[in-house]
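Single-structure report; data block below.
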Amino acid sequence: MKNIELRVLRQRLIIEGLLRKMIYRLEIDDYLRGLSKVSGMNVVLGPMGFDGHPGGGSASWIHWNSSGAHFYIYSASPHSNYKSCLKYPLFTLDTYTCKPFSIKKVVEYTRKVLHPIKMVYSEVNILRL
């Protein structure tokens with residue numbers, strides 16, 4: 001992606017993984033609070049979320065004064081819209097900030113707290129014009 005404004009730092013990290021068991025809003029909210037500390041971000045609002053979105057999952061969002069993070073998890077239960085394709089619950093974390101943070105610390109924290117079966121991540125690079 002091209003960087004159309006060089007004076008504003010932006011950092012974005014996306015993590016996806018598979019968990020052995022489904023987690024719900026309260027666990028997600030605890031994870032996001034811890035993520036805020038690990039990332040060195042100041043919480044302005046949240047976490048805010050819900051259980052039971054269409055497809056049988058949960059989601060939560062936290063707002064930092066330097067942007068924020070969204071967490072989604074899709075259920076592999078027999079009642080899920082994804083039951084035919086998911087053997088394990090699938091989560092996605094999307095973090096976007098205007099303040100630098102340690103990718104390594106966030107990835108390590110996520111592994112430590114969520115214990116994923118499998119996890120991948122990617123930093124979204126904003127290219128210079």
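By convention in this document, the chains of the structure tokens carry letters A, B, ... by their order, each chain's residues are numbered from 1, and ligands are numbered from 1 in the order they are shown.
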Once you count only C-alpha atoms, what closest atom pair and distance in Å to one decimal does each residue of region 32-77 of chain A within 8 Å of region 105-120 of chain A have, with rows by chain and rising residue number, as a tab-separated table?
```
residue	atom	partner	partner_atom	distance
A:Leu35	CA	A:Val106	CA	6.9
A:Val38	CA	A:Val106	CA	6.6
A:Ser39	CA	A:Val106	CA	6.7
```
Looking only at the backbone, which of the residues in chain A does DSSP tag as alpha helix (DSSP H), as a ChimeraX atom specification? /A:25-39,103-114
Output file for the selection above: C-alpha atoms, as a PDB file, in the first residue's frame:
```pdb
ATOM      1  CA  ARG A  25     -16.342 -11.800  24.983  1.00  0.00           C
ATOM      2  CA  LEU A  26     -15.054 -11.695  28.567  1.00  0.00           C
ATOM      3  CA  GLU A  27     -11.926 -13.668  27.636  1.00  0.00           C
ATOM      4  CA  ILE A  28     -11.467 -11.562  24.502  1.00  0.00           C
ATOM      5  CA  ASP A  29     -11.826  -8.356  26.533  1.00  0.00           C
ATOM      6  CA  ASP A  30      -9.187  -9.587  29.003  1.00  0.00           C
ATOM      7  CA  TYR A  31      -6.894 -10.405  26.068  1.00  0.00           C
ATOM      8  CA  LEU A  32      -7.385  -6.890  24.599  1.00  0.00           C
ATOM      9  CA  ARG A  33      -6.656  -5.215  27.947  1.00  0.00           C
ATOM     10  CA  GLY A  34      -3.426  -7.202  28.194  1.00  0.00           C
ATOM     11  CA  LEU A  35      -2.621  -6.390  24.568  1.00  0.00           C
ATOM     12  CA  SER A  36      -2.911  -2.702  25.441  1.00  0.00           C
ATOM     13  CA  LYS A  37      -0.303  -3.083  28.184  1.00  0.00           C
ATOM     14  CA  VAL A  38       2.053  -5.195  26.045  1.00  0.00           C
ATOM     15  CA  SER A  39       1.775  -2.667  23.195  1.00  0.00           C
ATOM     16  CA  ILE A 103       5.429  -7.005  16.775  1.00  0.00           C
ATOM     17  CA  LYS A 104       7.510  -9.627  18.594  1.00  0.00           C
ATOM     18  CA  LYS A 105       5.954  -8.782  21.991  1.00  0.00           C
ATOM     19  CA  VAL A 106       2.407  -8.860  20.601  1.00  0.00           C
ATOM     20  CA  VAL A 107       2.983 -12.210  18.877  1.00  0.00           C
ATOM     21  CA  GLU A 108       4.589 -13.698  22.017  1.00  0.00           C
ATOM     22  CA  TYR A 109       1.765 -12.367  24.210  1.00  0.00           C
ATOM     23  CA  THR A 110      -0.856 -13.830  21.863  1.00  0.00           C
ATOM     24  CA  ARG A 111       0.834 -17.254  21.911  1.00  0.00           C
ATOM     25  CA  LYS A 112       1.157 -17.168  25.707  1.00  0.00           C
ATOM     26  CA  VAL A 113      -2.436 -16.143  26.408  1.00  0.00           C
ATOM     27  CA  LEU A 114      -4.403 -17.919  23.658  1.00  0.00           C
TER      28      LEU A 114
END
```
Margin query: Need the shell around Ile73 (chain A): protein/DNA/RNA residues with any atom at most 6 Å away, counting only C-alpha atoms. Skip same-chain ones fewer than 4 positions apart. Format as a ChimeraX atom specification?
Written below: /A:57-58,90-91
Requested in this report: Return as a list of chain:residue names the full set of residues in region 3-62 of chain A whose backbone-based DSSP assignment is strand (DSSP E).
Outcome: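 Going through region 3-62 of chain A, the strand (DSSP E) residues come out as A:Gln11, A:Arg12, A:Leu13, A:Ile14, A:Ile15, A:Glu16, A:Gly17, A:Leu18, A:Val43, A:Val44, A:Leu45, A:Gly46, A:Pro47, A:Met48, A:Gly49, A:Phe50, A:Asp51, A:Gly52, A:His53, A:Gly57, A:Ser58, A:Ala59, A:Ser60, A:Trp61, A:Ile62.
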Quiz item: Between A:Leu9, A:Ile62, A:Ile23, A:Val43, which is the closest to Pro89 (chain A) once you count only C-alpha atoms?
Solution: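 Smallest separation from Pro89 (chain A) among the options: A:Ile23.
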